[in-house]
Amino acid sequence: MKRSTIVTILCVIVMVPMLLLAVSIKENKAEQAQINATPQIKKFEPRASEWGKYYPRQYDSYMQTRKSDDIKDVLKENPAQIVMWAGYGFSKDYNAPRGHYYMLEDNLNTLRTGAPFDEKSGPMPTACWTCKSPDVPRLIDKMGENDYFTGKWARHGGEIVNGIGCADCHNNETMKLTVTRDYLKRALDAEGSMPFADATHQEMRSLVCAQCHSEYYFKKTPWTDANGQEQTAAVVTFPWNNGFSAEDIEKYYDERSFVDWTHKVSKTPMLKAQHPGYETFITGAHGKAGLACADCHMPYVREGGVKYSNHNVGSPLKDIANTCLNCHSGTEAEFKKTVEDKLARKDELHKKATQVIAKAHLEAGKALELGATDEEMKAAQTDIRHAQWRWDYSIAAHGSFFHAPEETLRVLGSAIEKGQEARIKLRTLLAKYGAADFEAPDFSTKEKAQAVIGLPFDKLVDEKNQFLKGLKQEWFQEGQERGIFDAKSREGMVLKTSYPTK
Ligand code: HEC
Ligand code: HEC
Ligand code: HEC
Ligand code: HEC
């Protein structure tokens with residue numbers, strides 16, 4: 001072979017991969033440019049697949065949340081909670097959270113939202129849709145906040161048909177992170193230490209989550225509609241005026257004599273903590289160090305030359321290399337173990353608290369049955385209210401055991417103490433009414449606990465099954481006709497519940 005031929009061949013061998021590399025860099029650049037560019041998406045477009053056309057990687061990773069599909073029946077695991085929530089929706093049905101893909105589906109399916117048969121039937125108010133769908137900001141924009149928050153849950157059936165979507169967190173024109181629920185802005189301003197207008201980009205990477213992963217209540221708000229009719233809205237409100245701690249929020253509710261429901265057995269004016277995830281997170285080491293939810297739950301990942309945020313929001317332990325090990329050194333096994341240990345410590349106090357508080361309810365019920373007066377009961381009931389609030393505050397967000405371990409254990413400790421104080425007071429009362437040796441009935445299984453509080457479970461399940469086959473199907477049909485329903489958002493959806501379906 002001639003020398004020039006060899007040189008030519010060598011050149012080709014070197015050039016081809018370089019050319020390919022250049023092309024691939026160009027493609028990646030093009031894709032990165034597209035990610036940074038601003039496409040034409042309608043304001044409040046609720047269909048994620050429409051946004052996905054421009055942002056396939058974010059969309060595909062977001063769709064992966066469908067893989068977290070296990071139903072874990074929390075009531076079966078710890079039936080004491082059925083007694084603790086007697087007379088309230090959570091005693092009927094309560095599963096651990098699963099992937100964002102299921103948020104609307106699970107809201108429709110839970111026995112808590114009941115079995116409405118028309119737009120006026122209960123039991124829940126419209127507010128229950130609020131952290132379940134990008135159709136909510138769209139509807140609020142269309143109707144106004146007060147109107148949106150008025151009436152029963154079933155009223156918005158055919159309008160709210162998509163689970164969490166891009167429009168919940170992104171501005172359609174700039175793709176910037178955005179808070180689409182004004183009640184969060186109002187709450188931050190009322191609390192005062194970090195007004196919404198001052199929020200940094202890093203803080204926004206948490207605040208988009210705080211729209212839903214926060215403690216709230218339904219504030220009764222009178223307003224006058226366009227026809228001059230007096231209406232009452234139940235407006236989602238965050239109780240942050242006094243601060244974020246369990247005690248600050250307890251004080252907020254006490255100052256307003258706010259009651260979520262009256263306990264069926266102990267007649268205690270109760271509070272239900274929702275999921276104070278943001279509030280507890282900011283008190284922990286990671287919150288204090290300035291981390292955001294997205295740092296662990298939506299880590300940056302690289303594919304080829306493209307870097308993007310993984311929208312498969314779920315357990316950070318599934319991707320320890322891109323989360324914990326981004327900042328810490330150690331092995332995956334060590335980090336798993338650290339989290340497991342924290343969970344076990346929380347579970348130990350959590351179980352103790354539920355036993356103590358459930359028994360306090362039943363002992364209070366006995367004292368009432370024997371004729372104890374409101375006057376005699378008041379102090380014990382106040383202890384029960386505070387004990388259960390604190391217990392719920394520390395566990396209801398599911399992640400606090402890791403986000404803020406010390407605070408979680410501190411508040412659980414105070415829940416157990418308040419619960420025991422109630423029981424000491426009740427012992428004295430029971431003795432006065434001749435029942436010093438009263439022992440609370442057995443609530444060690446789901447069935448036994450349901451019997452103790454007289455929950456008509458089978459009836460609730462029958463009615464719900466009617467709803468699932470009837471109105472629920474009609475709502476998606478309506479959504480389809482309105483052109484707002486994203487069929488992809490329910491692709492491969494399998495009906496999964498912790499109660500029997502027919
Ligand atoms: C529009 C309301 C909403 C927003 C915004 C939201 N979430 Fe959620 N999130 C939910 C609901 C509702 C569930 C429970 C879904 C279910 O069980 O069907 C959930 C579940 C979760 C879970 C459990 C997932 C699993 O697979 O077990 C995690 C973790 C989570 N969210 C974190 C976040 C983070 C981090 C953000 C911000 C980046 C965020 N969420 C934003 C409403 C929201
Ligand atoms: C330093 C990392 C980190 C940050 C930052 C973080 N989390 Fe978590 N989060 C975790 C870990 C670890 C768990 C436990 C996961 C497990 O047990 O599999 C968890 C659990 C959760 C859960 C419960 C999931 C379930 O299925 O039980 C939710 C919800 C959640 N986090 C939401 C948030 C929100 C909202 C924020 C911001 C306010 C946040 N997290 C910030 C690491 C983090
Ligand atoms: C729960 C809130 C939330 C939802 C829902 C959401 N995102 Fe994001 N998105 C984020 C956060 C947080 C970031 C990180 C922003 C940053 O760090 O600058 C992000 C970043 C992005 C970016 C910027 C590039 C990147 O990957 O960091 C794009 C594009 C994007 N998301 C598209 C989408 C699309 C498309 C959807 C719907 C399929 C969607 N997002 C749904 C919270 C969300
Ligand atoms: C973006 C950086 C970052 C990521 C990601 C991160 N951490 Fe941290 N972590 C920190 C910082 C900063 C501190 C506080 C250190 C201090 O104050 O000394 C901390 C503290 C801790 C602590 C001690 C405080 C406590 O709450 O017990 C543990 C344990 C821990 N991290 C575990 C984890 C685990 C597990 C993950 C993954 C799920 C993780 N970290 C992800 C930065 C990070």
# chains A, B, ... in the order shown; residues from 1 in each chain; ligands from 1

$ residues_near_ligand --ligand "ligand 4" --cutoff "7 Å" --atoms "only C-alpha atoms and all ligand atoms" --output "ChimeraX atom specification"
/A:284-286,289,291,295-296,316-317,320,323-328,335-336,338-339,402-405

$ residues_near_ligand --ligand "ligand 1" --cutoff "9 Å" --atoms "only C-alpha atoms and all ligand atoms" --output "JSON, numbers by chain"
{"A": [65, 66, 67, 68, 69, 70, 71, 95, 96, 97, 98, 99, 100, 101, 102, 103, 104, 105, 106, 107, 130, 131, 132, 133, 134, 136, 163, 164, 165, 168, 169, 179, 180, 205, 206, 207, 208, 209, 210, 211, 212, 213, 292, 293, 294, 295, 296, 297, 298, 311, 312, 313, 314, 315, 316, 398, 399]}

$ select_by_dssp --residues "region 210-382 of chain A" --states "alpha helix (DSSP H)" --output "VMD selection string"
chain A and resid 210 246 to 255 277 to 281 285 to 288 293 to 297 324 to 327 332 to 369 374 to 382

$ closest_residue --among "A:Asn109, A:Gln231, A:Ser329, A:Ser91" --to "Tyr148 (chain A)" --atoms "only C-alpha atoms"
A:Gln231

$ select_by_dssp --residues "region 107-353 of chain A" --states "strand (DSSP E)" --output "list in words"
Tyr217, Phe218, Lys219, Lys220, Thr221, Pro222, Trp223, Thr224, Glu230, Gln231, Thr232, Ala233, Ala234, Val235, Val236, Thr237, Trp261, Thr262, Pro269, Met270, Tyr300, Val301, Arg302, Glu303, Val306, Lys307, Tyr308 and Ser309 of chain A
